file input00.cif (mmCIF, C-alpha atoms)
data_coords
loop_
_atom_site.group_PDB
_atom_site.id
_atom_site.type_symbol
_atom_site.label_atom_id
_atom_site.label_comp_id
_atom_site.auth_asym_id
_atom_site.auth_seq_id
_atom_site.Cartn_x
_atom_site.Cartn_y
_atom_site.Cartn_z
ATOM 1 C CA MET B 1 5.708 -30.226 7.249
ATOM 2 C CA PRO B 2 3.206 -27.507 6.272
ATOM 3 C CA ALA B 3 4.476 -24.275 4.745
ATOM 4 C CA ARG B 4 5.029 -21.491 7.233
ATOM 5 C CA ILE B 5 3.453 -18.163 6.342
ATOM 6 C CA GLY B 6 4.341 -15.122 8.424
ATOM 7 C CA VAL B 7 1.937 -12.287 9.165
ATOM 8 C CA VAL B 8 3.507 -9.025 10.324
ATOM 9 C CA THR B 9 2.007 -6.985 13.150
ATOM 10 C CA PHE B 10 2.903 -3.284 13.266
ATOM 11 C CA PRO B 11 1.539 -0.933 15.923
ATOM 12 C CA GLY B 12 -1.870 -0.035 14.475
ATOM 13 C CA THR B 13 -2.318 -3.233 12.459
ATOM 14 C CA GLN B 14 -5.908 -4.490 12.664
ATOM 15 C CA ASP B 15 -6.254 -7.429 10.313
ATOM 16 C CA ASP B 16 -3.363 -9.611 11.460
ATOM 17 C CA ALA B 17 -5.689 -12.042 13.286
ATOM 18 C CA ASP B 18 -7.875 -12.468 10.197
ATOM 19 C CA ALA B 19 -4.794 -12.950 7.990
ATOM 20 C CA LEU B 20 -3.389 -15.585 10.375
ATOM 21 C CA ARG B 21 -6.777 -17.313 10.322
ATOM 22 C CA ALA B 22 -6.906 -17.242 6.509
ATOM 23 C CA VAL B 23 -3.437 -18.802 6.376
ATOM 24 C CA ARG B 24 -4.595 -21.562 8.741
ATOM 25 C CA ILE B 25 -7.808 -22.218 6.800
ATOM 26 C CA ALA B 26 -5.735 -22.446 3.598
ATOM 27 C CA GLY B 27 -3.726 -25.237 5.219
ATOM 28 C CA ALA B 28 -0.466 -23.502 6.120
ATOM 29 C CA GLU B 29 1.135 -22.880 9.478
ATOM 30 C CA PRO B 30 0.535 -19.246 10.519
ATOM 31 C CA VAL B 31 3.510 -17.477 12.126
ATOM 32 C CA SER B 32 3.182 -14.111 13.868
ATOM 33 C CA LEU B 33 5.972 -11.672 13.043
ATOM 34 C CA TRP B 34 6.640 -8.535 15.095
ATOM 35 C CA HIS B 35 7.637 -5.211 13.554
ATOM 36 C CA ARG B 36 10.653 -4.696 15.824
ATOM 37 C CA ASP B 37 12.044 -8.174 15.204
ATOM 38 C CA ALA B 38 14.127 -8.373 12.015
ATOM 39 C CA ASP B 39 14.144 -12.200 12.225
ATOM 40 C CA LEU B 40 11.685 -13.777 9.782
ATOM 41 C CA HIS B 41 11.677 -17.035 11.800
ATOM 42 C CA GLY B 42 12.116 -19.302 8.801
ATOM 43 C CA VAL B 43 8.829 -18.466 7.093
ATOM 44 C CA ASP B 44 8.271 -19.389 3.443
ATOM 45 C CA ALA B 45 6.020 -16.443 2.585
ATOM 46 C CA ILE B 46 4.844 -13.215 4.199
ATOM 47 C CA VAL B 47 1.559 -11.323 4.487
ATOM 48 C CA LEU B 48 1.518 -7.618 5.371
ATOM 49 C CA PRO B 49 -2.042 -7.176 6.691
ATOM 50 C CA GLY B 50 -4.404 -4.227 6.733
ATOM 51 C CA GLY B 51 -4.782 -1.561 9.375
ATOM 52 C CA PHE B 52 -3.075 1.713 10.149
ATOM 53 C CA SER B 53 0.595 0.945 10.729
ATOM 54 C CA TYR B 54 2.235 3.472 13.057
ATOM 55 C CA GLY B 55 -1.063 5.367 12.901
ATOM 56 C CA ASP B 56 -0.475 6.128 9.218
ATOM 57 C CA TYR B 57 1.175 9.337 10.401
ATOM 58 C CA LEU B 58 2.999 11.204 7.622
ATOM 59 C CA ARG B 59 1.635 8.935 4.831
ATOM 60 C CA CYS B 60 0.030 5.484 4.911
ATOM 61 C CA GLY B 61 2.787 2.900 5.264
ATOM 62 C CA ALA B 62 5.617 5.449 5.175
ATOM 63 C CA ILE B 63 6.951 4.822 8.665
ATOM 64 C CA ALA B 64 6.316 1.057 8.656
ATOM 65 C CA ARG B 65 8.580 0.815 5.644
ATOM 66 C CA PHE B 66 11.583 1.598 7.885
ATOM 67 C CA SER B 67 10.733 -0.907 10.644
ATOM 68 C CA PRO B 68 13.326 -3.632 11.389
ATOM 69 C CA VAL B 69 11.066 -6.390 10.056
ATOM 70 C CA MET B 70 10.580 -4.572 6.748
ATOM 71 C CA GLU B 71 14.335 -4.379 6.118
ATOM 72 C CA SER B 72 14.264 -8.209 6.198
ATOM 73 C CA VAL B 73 11.037 -8.459 4.202
ATOM 74 C CA ILE B 74 12.442 -6.204 1.460
ATOM 75 C CA ALA B 75 15.628 -8.285 1.239
ATOM 76 C CA ALA B 76 13.641 -11.560 1.151
ATOM 77 C CA ALA B 77 11.272 -10.181 -1.498
ATOM 78 C CA HIS B 78 14.222 -9.300 -3.717
ATOM 79 C CA GLU B 79 15.376 -12.907 -3.353
ATOM 80 C CA GLY B 80 11.990 -14.191 -4.523
ATOM 81 C CA MET B 81 10.026 -14.849 -1.326
ATOM 82 C CA PRO B 82 6.271 -14.460 -1.913
ATOM 83 C CA VAL B 83 4.962 -11.325 -0.184
ATOM 84 C CA LEU B 84 1.300 -10.230 -0.183
ATOM 85 C CA GLY B 85 0.396 -6.744 1.009
ATOM 86 C CA ILE B 86 -3.283 -6.200 1.749
ATOM 87 C CA CYS B 87 -4.653 -2.646 2.040
ATOM 88 C CA ASN B 88 -2.222 -0.961 4.442
ATOM 89 C CA GLY B 89 0.218 -3.724 3.497
ATOM 90 C CA PHE B 90 -0.144 -2.650 -0.139
ATOM 91 C CA GLN B 91 0.655 0.916 0.922
ATOM 92 C CA VAL B 92 3.742 -0.342 2.787
ATOM 93 C CA LEU B 93 4.920 -2.231 -0.319
ATOM 94 C CA CYS B 94 4.540 0.891 -2.475
ATOM 95 C CA GLU B 95 6.406 2.997 0.080
ATOM 96 C CA SER B 96 9.121 0.311 0.077
ATOM 97 C CA HIS B 97 9.370 0.602 -3.723
ATOM 98 C CA LEU B 98 8.764 -3.134 -4.007
ATOM 99 C CA LEU B 99 5.692 -2.149 -6.027
ATOM 100 C CA PRO B 100 5.209 0.866 -8.317
ATOM 101 C CA GLY B 101 2.789 3.732 -7.791
ATOM 102 C CA ALA B 102 1.160 5.029 -4.627
ATOM 103 C CA LEU B 103 -2.197 5.028 -2.838
ATOM 104 C CA ILE B 104 -3.828 8.404 -2.217
ATOM 105 C CA ARG B 105 -7.150 9.705 -0.832
ATOM 106 C CA ASN B 106 -10.206 8.195 -2.490
ATOM 107 C CA ASP B 107 -12.151 10.266 -4.968
ATOM 108 C CA GLY B 108 -14.888 12.101 -3.120
ATOM 109 C CA MET B 109 -12.865 11.802 0.129
ATOM 110 C CA LEU B 110 -15.155 9.000 1.305
ATOM 111 C CA PHE B 111 -14.084 5.966 3.302
ATOM 112 C CA VAL B 112 -15.381 3.025 1.270
ATOM 113 C CA ASN B 113 -16.547 -0.033 3.190
ATOM 114 C CA ARG B 114 -18.415 -2.688 1.227
ATOM 115 C CA ASP B 115 -18.066 -5.847 -0.826
ATOM 116 C CA VAL B 116 -16.698 -5.178 -4.309
ATOM 117 C CA ARG B 117 -16.582 -7.277 -7.448
ATOM 118 C CA LEU B 118 -13.172 -7.725 -8.980
ATOM 119 C CA SER B 119 -11.877 -9.185 -12.161
ATOM 120 C CA VAL B 120 -8.693 -11.222 -11.725
ATOM 121 C CA GLU B 121 -6.331 -9.961 -14.427
ATOM 122 C CA SER B 122 -3.277 -12.143 -13.837
ATOM 123 C CA ALA B 123 -2.924 -15.754 -12.739
ATOM 124 C CA ASP B 124 0.853 -15.596 -13.150
ATOM 125 C CA THR B 125 1.661 -14.344 -9.659
ATOM 126 C CA ALA B 126 2.553 -16.378 -6.570
ATOM 127 C CA TRP B 127 -0.746 -15.336 -4.977
ATOM 128 C CA THR B 128 -3.237 -15.690 -7.851
ATOM 129 C CA SER B 129 -2.316 -18.900 -9.692
ATOM 130 C CA GLY B 130 -5.481 -20.505 -8.270
ATOM 131 C CA TYR B 131 -7.699 -18.092 -10.215
ATOM 132 C CA LYS B 132 -8.477 -17.910 -13.905
ATOM 133 C CA VAL B 133 -7.789 -14.714 -15.847
ATOM 134 C CA GLY B 134 -11.060 -12.829 -16.180
ATOM 135 C CA GLN B 135 -12.612 -14.613 -13.205
ATOM 136 C CA GLU B 136 -15.022 -12.414 -11.231
ATOM 137 C CA ILE B 137 -14.687 -12.545 -7.460
ATOM 138 C CA LEU B 138 -16.397 -10.825 -4.522
ATOM 139 C CA ILE B 139 -14.096 -9.391 -1.842
ATOM 140 C CA PRO B 140 -14.672 -6.758 0.900
ATOM 141 C CA ILE B 141 -12.953 -3.389 0.679
ATOM 142 C CA LYS B 142 -12.468 -0.834 3.471
ATOM 143 C CA ASN B 143 -10.180 2.107 2.909
ATOM 144 C CA GLY B 144 -9.959 5.883 2.843
ATOM 145 C CA GLU B 145 -6.701 6.073 0.916
ATOM 146 C CA GLY B 146 -7.090 3.314 -1.619
ATOM 147 C CA LYS B 147 -6.928 5.230 -4.869
ATOM 148 C CA PHE B 148 -4.087 3.690 -6.854
ATOM 149 C CA THR B 149 -2.115 6.254 -8.799
ATOM 150 C CA ALA B 150 1.000 6.212 -10.970
ATOM 151 C CA ASP B 151 2.257 8.149 -13.969
ATOM 152 C CA GLU B 152 0.930 7.182 -17.397
ATOM 153 C CA ARG B 153 4.193 5.540 -18.439
ATOM 154 C CA THR B 154 4.170 3.283 -15.368
ATOM 155 C CA LEU B 155 0.507 2.389 -15.953
ATOM 156 C CA ASP B 156 1.212 1.531 -19.598
ATOM 157 C CA GLU B 157 4.143 -0.631 -18.529
ATOM 158 C CA LEU B 158 2.009 -2.444 -15.931
ATOM 159 C CA GLU B 159 -0.600 -3.178 -18.607
ATOM 160 C CA ALA B 160 1.950 -4.289 -21.179
ATOM 161 C CA THR B 161 3.775 -6.640 -18.818
ATOM 162 C CA GLY B 162 0.670 -8.221 -17.274
ATOM 163 C CA ARG B 163 1.380 -6.861 -13.818
ATOM 164 C CA ILE B 164 -2.139 -5.646 -13.063
ATOM 165 C CA VAL B 165 -3.397 -8.394 -10.772
ATOM 166 C CA ALA B 166 -7.019 -7.343 -10.287
ATOM 167 C CA ARG B 167 -9.366 -4.594 -11.430
ATOM 168 C CA TYR B 168 -12.556 -3.237 -9.872
ATOM 169 C CA LEU B 169 -15.669 -3.869 -11.922
ATOM 170 C CA ASP B 170 -17.225 -0.838 -10.201
ATOM 171 C CA ASN B 171 -14.254 1.393 -9.345
ATOM 172 C CA PRO B 172 -15.140 2.433 -5.755
ATOM 173 C CA ASN B 173 -12.291 4.873 -5.087
ATOM 174 C CA GLY B 174 -11.247 6.350 -8.421
ATOM 175 C CA SER B 175 -8.163 4.179 -8.850
ATOM 176 C CA ALA B 176 -6.240 4.730 -12.078
ATOM 177 C CA ARG B 177 -7.555 2.327 -14.700
ATOM 178 C CA ALA B 178 -9.664 0.695 -11.968
ATOM 179 C CA ILE B 179 -6.578 -1.055 -10.602
ATOM 180 C CA ALA B 180 -7.230 -2.991 -7.369
ATOM 181 C CA GLY B 181 -3.901 -4.818 -7.204
ATOM 182 C CA VAL B 182 -0.498 -4.993 -8.883
ATOM 183 C CA ALA B 183 2.522 -7.302 -8.867
ATOM 184 C CA ASN B 184 6.260 -6.793 -9.197
ATOM 185 C CA ALA B 185 8.030 -7.981 -12.354
ATOM 186 C CA ALA B 186 8.894 -11.368 -10.828
ATOM 187 C CA GLY B 187 5.320 -11.954 -9.665
ATOM 188 C CA ASN B 188 6.290 -12.883 -6.104
ATOM 189 C CA VAL B 189 5.223 -9.548 -4.585
ATOM 190 C CA VAL B 190 1.547 -8.614 -4.846
ATOM 191 C CA GLY B 191 -0.309 -5.638 -3.396
ATOM 192 C CA LEU B 192 -4.090 -5.619 -3.141
ATOM 193 C CA MET B 193 -6.463 -2.989 -1.761
ATOM 194 C CA PRO B 194 -9.463 -5.298 -1.146
ATOM 195 C CA HIS B 195 -9.285 -7.819 1.701
ATOM 196 C CA PRO B 196 -9.248 -11.490 0.620
ATOM 197 C CA GLU B 197 -8.613 -12.547 4.242
ATOM 198 C CA HIS B 198 -12.168 -11.415 5.070
ATOM 199 C CA ALA B 199 -13.626 -13.788 2.455
ATOM 200 C CA VAL B 200 -12.342 -17.196 3.429
ATOM 201 C CA ASP B 201 -15.282 -18.907 5.132
ATOM 202 C CA GLU B 202 -19.056 -19.137 4.902
ATOM 203 C CA LEU B 203 -19.686 -17.719 8.377
ATOM 204 C CA THR B 204 -17.850 -14.403 8.055
ATOM 205 C CA GLY B 205 -17.446 -13.910 4.300
ATOM 206 C CA PRO B 206 -19.570 -11.584 2.156
ATOM 207 C CA TYR B 207 -23.321 -12.161 2.556
ATOM 208 C CA PRO B 208 -25.048 -12.993 0.344
ATOM 209 C CA GLY B 209 -22.023 -14.758 -1.068
ATOM 210 C CA PRO B 210 -20.034 -16.154 -2.657
ATOM 211 C CA ALA B 211 -18.329 -15.994 0.736
ATOM 212 C CA THR B 212 -14.995 -17.663 0.112
ATOM 213 C CA ASP B 213 -13.681 -16.002 -3.049
ATOM 214 C CA GLY B 214 -10.591 -14.725 -1.197
ATOM 215 C CA LEU B 215 -9.299 -18.111 -0.120
ATOM 216 C CA ALA B 216 -7.509 -18.857 -3.398
ATOM 217 C CA PHE B 217 -4.983 -16.059 -2.688
ATOM 218 C CA PHE B 218 -3.736 -18.118 0.232
ATOM 219 C CA THR B 219 -3.993 -21.538 -1.404
ATOM 220 C CA SER B 220 -2.240 -20.188 -4.535
ATOM 221 C CA VAL B 221 0.888 -19.364 -2.575
ATOM 222 C CA LEU B 222 0.853 -22.787 -0.941
ATOM 223 C CA GLN B 223 0.795 -24.393 -4.376
ATOM 224 C CA ARG B 224 3.671 -22.125 -5.440
ATOM 225 C CA LEU B 225 5.707 -23.191 -2.401
ATOM 226 C CA ILE B 226 5.028 -26.879 -3.031
ATOM 227 C CA ASP B 227 5.983 -26.477 -6.688
ATOM 228 C CA SER B 228 9.232 -24.693 -5.876
ATOM 229 C CA GLU B 229 10.070 -27.400 -3.317
ATOM 230 C CA LEU B 230 9.606 -30.083 -5.971
ATOM 231 C CA VAL B 231 11.945 -28.129 -8.261
ATOM 232 C CA THR B 232 14.670 -27.851 -5.628
ATOM 233 C CA ALA B 233 14.211 -31.408 -4.309
ATOM 234 C CA MET Y 1 19.983 26.771 15.705
ATOM 235 C CA ALA Y 2 18.511 27.059 12.270
ATOM 236 C CA ARG Y 3 15.046 26.338 10.945
ATOM 237 C CA VAL Y 4 14.716 24.703 7.558
ATOM 238 C CA VAL Y 5 11.303 24.450 5.934
ATOM 239 C CA VAL Y 6 10.394 21.558 3.663
ATOM 240 C CA ASP Y 7 7.251 22.091 1.603
ATOM 241 C CA VAL Y 8 5.752 18.926 0.139
ATOM 242 C CA MET Y 9 3.099 19.042 -2.587
ATOM 243 C CA LEU Y 10 1.497 16.419 -4.778
ATOM 244 C CA LYS Y 11 2.974 16.614 -8.268
ATOM 245 C CA PRO Y 12 0.837 18.754 -10.603
ATOM 246 C CA GLU Y 13 -0.233 15.729 -12.654
ATOM 247 C CA ILE Y 14 -1.536 13.874 -9.562
ATOM 248 C CA LEU Y 15 -5.159 14.680 -8.794
ATOM 249 C CA ASP Y 16 -5.547 16.069 -5.275
ATOM 250 C CA PRO Y 17 -8.879 14.952 -3.752
ATOM 251 C CA GLN Y 18 -8.269 16.952 -0.547
ATOM 252 C CA GLY Y 19 -7.630 20.145 -2.475
ATOM 253 C CA GLN Y 20 -10.686 19.486 -4.629
ATOM 254 C CA ALA Y 21 -12.900 18.987 -1.571
ATOM 255 C CA VAL Y 22 -11.721 22.305 -0.142
ATOM 256 C CA HIS Y 23 -12.189 23.973 -3.526
ATOM 257 C CA ARG Y 24 -15.780 22.765 -3.698
ATOM 258 C CA ALA Y 25 -16.518 23.994 -0.170
ATOM 259 C CA LEU Y 26 -15.310 27.567 -0.739
ATOM 260 C CA PRO Y 27 -18.202 28.868 -2.912
ATOM 261 C CA ARG Y 28 -20.669 27.540 -0.332
ATOM 262 C CA LEU Y 29 -18.997 29.856 2.176
ATOM 263 C CA GLY Y 30 -19.224 32.798 -0.185
ATOM 264 C CA PHE Y 31 -15.630 32.733 -1.462
ATOM 265 C CA ASP Y 32 -16.060 33.119 -5.209
ATOM 266 C CA GLY Y 33 -13.460 33.367 -7.921
ATOM 267 C CA VAL Y 34 -11.211 30.541 -6.730
ATOM 268 C CA VAL Y 35 -9.912 28.644 -9.756
ATOM 269 C CA ASP Y 36 -8.152 25.795 -7.969
ATOM 270 C CA VAL Y 37 -6.926 24.659 -4.536
ATOM 271 C CA ARG Y 38 -4.161 22.183 -3.835
ATOM 272 C CA GLN Y 39 -3.263 21.000 -0.349
ATOM 273 C CA GLY Y 40 0.265 20.163 0.787
ATOM 274 C CA LYS Y 41 2.395 19.663 3.882
ATOM 275 C CA ARG Y 42 4.937 21.887 5.559
ATOM 276 C CA PHE Y 43 7.697 20.475 7.760
ATOM 277 C CA GLU Y 44 9.714 22.775 9.999
ATOM 278 C CA VAL Y 45 13.018 21.082 10.725
ATOM 279 C CA GLU Y 46 15.030 22.592 13.600
ATOM 280 C CA LEU Y 47 18.745 21.937 13.243
ATOM 281 C CA GLU Y 48 21.391 22.008 15.961
ATOM 282 C CA GLY Y 49 23.962 23.988 14.027
ATOM 283 C CA GLU Y 50 24.033 26.324 11.047
ATOM 284 C CA ALA Y 51 21.995 25.674 7.930
ATOM 285 C CA ASP Y 52 25.092 25.377 5.758
ATOM 286 C CA GLU Y 53 25.333 23.411 2.534
ATOM 287 C CA ALA Y 54 26.111 20.149 4.340
ATOM 288 C CA ALA Y 55 23.113 20.566 6.646
ATOM 289 C CA LEU Y 56 20.827 21.385 3.729
ATOM 290 C CA ALA Y 57 22.066 18.314 1.899
ATOM 291 C CA ARG Y 58 21.043 16.255 4.946
ATOM 292 C CA VAL Y 59 17.585 17.842 4.961
ATOM 293 C CA ARG Y 60 17.186 17.079 1.244
ATOM 294 C CA GLU Y 61 18.143 13.475 2.043
ATOM 295 C CA MET Y 62 15.463 13.419 4.783
ATOM 296 C CA ALA Y 63 12.916 14.724 2.284
ATOM 297 C CA GLU Y 64 13.875 12.118 -0.336
ATOM 298 C CA LYS Y 65 13.824 9.250 2.140
ATOM 299 C CA LEU Y 66 10.912 10.020 4.464
ATOM 300 C CA LEU Y 67 9.195 13.410 4.267
ATOM 301 C CA ALA Y 68 8.067 13.094 0.642
ATOM 302 C CA ASN Y 69 7.059 10.150 -1.505
ATOM 303 C CA THR Y 70 8.787 11.181 -4.711
ATOM 304 C CA VAL Y 71 6.579 8.847 -6.732
ATOM 305 C CA ILE Y 72 3.684 11.276 -6.245
ATOM 306 C CA GLU Y 73 5.077 14.301 -4.431
ATOM 307 C CA GLU Y 74 7.631 17.040 -5.005
ATOM 308 C CA TYR Y 75 9.371 18.985 -2.261
ATOM 309 C CA ARG Y 76 11.178 22.274 -1.775
ATOM 310 C CA VAL Y 77 13.761 22.995 0.898
ATOM 311 C CA ARG Y 78 14.461 26.515 2.160
ATOM 312 C CA VAL Y 79 16.042 28.159 5.158
ATOM 313 C CA GLU Y 80 13.699 30.317 7.200
ATOM 314 C CA ASP Y 81 15.190 33.614 8.357
#

call {"tool": "encode", "arguments": {"input": "input00.cif", "output": "structure tokens"}}
result
Amino acid sequence: MPARIGVVTFPGTQDDADALRAVRIAGAEPVSLWHRDADLHGVDAIVLPGGFSYGDYLRCGAIARFSPVMESVIAAAHEGMPVLGICNGFQVLCESHLLPGALIRNDGMLFVNRDVRLSVESADTAWTSGYKVGQEILIPIKNGEGKFTADERTLDELEATGRIVARYLDNPNGSARAIAGVANAAGNVVGLMPHPEHAVDELTGPYPGPATDGLAFFTSVLQRLIDSELVTA
Amino acid sequence: MARVVVDVMLKPEILDPQGQAVHRALPRLGFDGVVDVRQGKRFEVELEGEADEAALARVREMAEKLLANTVIEEYRVRVED
């Protein structure tokens, strides 16, 4: 039986269809989850996709954090379930305090919408084990409030404990220390501002490519789930 | 009825791109001598009863939980006369 990966839809979510498609292309069974339904329907991992949950009123991700589904996602994340937050999903994870720091308005106030080159900084998370540390990948970005910020002590701790997942090679939004993604201490929860779900096939991935650099986020978690099943079997 | 105001501002050590953009625009409009601008949010919370200590404690709880993100923002609660 293939692993079941849930993708949450909040009002205002835009990238749920692409995330479901990426899950399917990676070889897992995509499961749609609804923000008002606290039931996780037996999924093995969860993706919080990009968009503008609840219109991003108040702050990005602030209201989504208190949705019924997120109460369940937060509990499951604490128990070790892999959770990937992409863009708005990253903002939701920060607002949920599953990840440190916060995302604020980009430097220069500009909405950034282009392909960016990243350096993968950690292959020890549930979502990045398929990459090599230092590997350069090309992934689209599209955000207005994607500037990662945290106090210096938190940033130092993230560096020291290997929890910076990816860095921008050309920091497009002024993020602290060019951070594009971070993980929690256990490595099961990852937040990422760029969109790997938009770089999973030749037809719709970055052009000129490489077009499928994002796919390994989704195959990494499958490998993690298979490994953990072998351990428990 | 009582009105309680919650002012939310980015912490001083957090750079404020919105405030900076406004700051940069002011000289173009002829407003010189402005050293810095920071932009925040103001919530006006209308309460059913009196703004007594218990009610203010509830408003502070609201601010902690939802109105402010205390990772990057600070807030101040005051009763408006």

call {"tool": "closest_residue", "arguments": {"input": "input00.cif", "among": "B:Arg105, B:Ser53, B:Pro194, B:Ile137", "to": "Gln39 (chain Y)", "atoms": "only C-alpha atoms"}}
result
B:Arg105

call {"tool": "resolve_selection", "arguments": {"input": "input00.cif", "expression": "the PyMOL selection byres ((chain Y) within 12 of (chain B))", "output": "count of residues only"}}
result
31

call {"tool": "atom_distance", "arguments": {"input": "input00.cif", "atom1": "CA of Leu93 (chain B)", "atom2": "CA of Glu229 (chain B)"}}
result
25.9 Å

call {"tool": "residues_around", "arguments": {"input": "input00.cif", "residues": "region 77-91 of chain B", "least_positions_apart": "6", "cutoff": "7 Å", "atoms": "only C-alpha atoms", "output": "list of chain:residue names"}}
result
B:Asp44, B:Ala45, B:Ile46, B:Val47, B:Leu48, B:Pro49, B:Gly50, B:Gly51, B:Phe52, B:Cys60, B:Gly61, B:Ala102, B:Leu103, B:Ala126, B:Asn188, B:Val189, B:Val190, B:Gly191, B:Leu192, B:Met193, B:Pro194, B:His195

call {"tool": "atom_distance", "arguments": {"input": "input00.cif", "atom1": "CA of Val69 (chain B)", "atom2": "CA of Ala38 (chain B)"}}
result
4.1 Å

call {"tool": "residues_around", "arguments": {"input": "input00.cif", "residues": "Asp81 (chain Y)", "least_positions_apart": "2", "cutoff": "12 Å", "atoms": "all atoms listed in the file", "output": "list in words"}}
result
Met1, Ala2, Arg3, Val4, Val5, Glu50, Ala51, Arg78 and Val79 of chain Y

call {"tool": "closest_atom_pairs", "arguments": {"input": "input00.cif", "of": "region 88-192 of chain B", "to": "region 206-227 of chain B", "cutoff": "10 Å", "atoms": "all atoms listed in the file", "output": "JSON lines"}}
result
{"residue": "B:Arg114", "atom": "CA", "partner": "B:Pro206", "partner_atom": "CA", "distance": 9.0}
{"residue": "B:Asp115", "atom": "CA", "partner": "B:Pro206", "partner_atom": "CA", "distance": 6.6}
{"residue": "B:Val116", "atom": "CA", "partner": "B:Pro206", "partner_atom": "CA", "distance": 9.5}
{"residue": "B:Ala123", "atom": "CA", "partner": "B:Ser220", "partner_atom": "CA", "distance": 9.4}
{"residue": "B:Thr125", "atom": "CA", "partner": "B:Ser220", "partner_atom": "CA", "distance": 8.7}
{"residue": "B:Ala126", "atom": "CA", "partner": "B:Val221", "partner_atom": "CA", "distance": 5.3}
{"residue": "B:Trp127", "atom": "CA", "partner": "B:Phe217", "partner_atom": "CA", "distance": 4.9}
{"residue": "B:Thr128", "atom": "CA", "partner": "B:Phe217", "partner_atom": "CA", "distance": 5.5}
{"residue": "B:Ser129", "atom": "CA", "partner": "B:Ser220", "partner_atom": "CA", "distance": 5.3}
{"residue": "B:Gly130", "atom": "CA", "partner": "B:Ser220", "partner_atom": "CA", "distance": 5.0}
{"residue": "B:Tyr131", "atom": "CA", "partner": "B:Ala216", "partner_atom": "CA", "distance": 6.9}
{"residue": "B:Glu136", "atom": "CA", "partner": "B:Asp213", "partner_atom": "CA", "distance": 9.0}
{"residue": "B:Ile137", "atom": "CA", "partner": "B:Asp213", "partner_atom": "CA", "distance": 5.7}
{"residue": "B:Leu138", "atom": "CA", "partner": "B:Asp213", "partner_atom": "CA", "distance": 6.0}
{"residue": "B:Ile139", "atom": "CA", "partner": "B:Gly214", "partner_atom": "CA", "distance": 6.4}
{"residue": "B:Pro140", "atom": "CA", "partner": "B:Pro206", "partner_atom": "CA", "distance": 7.0}
{"residue": "B:Asn188", "atom": "CA", "partner": "B:Val221", "partner_atom": "CA", "distance": 9.1}

call {"tool": "residues_around", "arguments": {"input": "input00.cif", "residues": "Val77 (chain Y)", "least_positions_apart": "5", "cutoff": "8 Å", "atoms": "all atoms listed in the file", "output": "PDB file with C-alpha atoms, in the frame of the given file"}}
result
ATOM      1  CA  VAL Y   4      14.716  24.703   7.558  1.00  0.00           C
ATOM      2  CA  VAL Y   5      11.303  24.450   5.934  1.00  0.00           C
ATOM      3  CA  VAL Y   6      10.394  21.558   3.663  1.00  0.00           C
ATOM      4  CA  ASP Y   7       7.251  22.091   1.603  1.00  0.00           C
ATOM      5  CA  LEU Y  56      20.827  21.385   3.729  1.00  0.00           C
ATOM      6  CA  VAL Y  59      17.585  17.842   4.961  1.00  0.00           C
ATOM      7  CA  ARG Y  60      17.186  17.079   1.244  1.00  0.00           C
TER       8      ARG Y  60
END

call {"tool": "atom_distance", "arguments": {"input": "input00.cif", "atom1": "CA of Asp18 (chain B)", "atom2": "CA of Glu197 (chain B)"}}
result
6.0 Å

call {"tool": "resolve_selection", "arguments": {"input": "input00.cif", "expression": "the PyMOL selection byres ((chain B and resi 2) around 9)", "output": "ChimeraX atom specification"}}
result
/B:1,3-4,27-29,222

call {"tool": "axis_aligned_box", "arguments": {"input": "input00.cif", "around": "region 35-44 of chain B", "padding_each_side": "3 Å", "output": "JSON"}}
result
{"center_x": 10.9, "center_y": -12.0, "center_z": 9.6, "size_x": 12.5, "size_y": 20.7, "size_z": 18.4}

call {"tool": "closest_residue", "arguments": {"input": "input00.cif", "among": "B:Gly42, B:Gly55, B:Gly146, B:Gly162", "to": "Ser72 (chain B)", "atoms": "all atoms listed in the file"}}
result
B:Gly42

call {"tool": "residues_around", "arguments": {"input": "input00.cif", "residues": "Gly33 (chain Y)", "least_positions_apart": "6", "cutoff": "12 Å", "atoms": "all atoms listed in the file", "output": "NGL selection string"}}
result
:Y and (23-24 or 26-27)

call {"tool": "closest_residue", "arguments": {"input": "input00.cif", "among": "B:Asp39, B:Ile141, B:Thr13, B:Arg24", "to": "His198 (chain B)", "atoms": "all atoms listed in the file"}}
result
B:Ile141

call {"tool": "closest_residue", "arguments": {"input": "input00.cif", "among": "B:Thr204, B:Gln14, B:Asp56, B:Val7", "to": "Ser32 (chain B)", "atoms": "all atoms listed in the file"}}
result
B:Val7

call {"tool": "resolve_selection", "arguments": {"input": "input00.cif", "expression": "the PyMOL selection byres ((chain B and resi 143) around 6)", "output": "list of chain:residue names"}}
result
B:Phe111, B:Val112, B:Lys142, B:Gly144, B:Glu145, B:Gly146

call {"tool": "write_last_selection", "arguments": {"input": "input00.cif", "atoms": "C-alpha atoms", "output": "CSV table (one decimal), in the frame of the given file"}}
result
chain,number,residue,atom,x,y,z
B,111,PHE,CA,-14.1,6.0,3.3
B,112,VAL,CA,-15.4,3.0,1.3
B,142,LYS,CA,-12.5,-0.8,3.5
B,144,GLY,CA,-10.0,5.9,2.8
B,145,GLU,CA,-6.7,6.1,0.9
B,146,GLY,CA,-7.1,3.3,-1.6
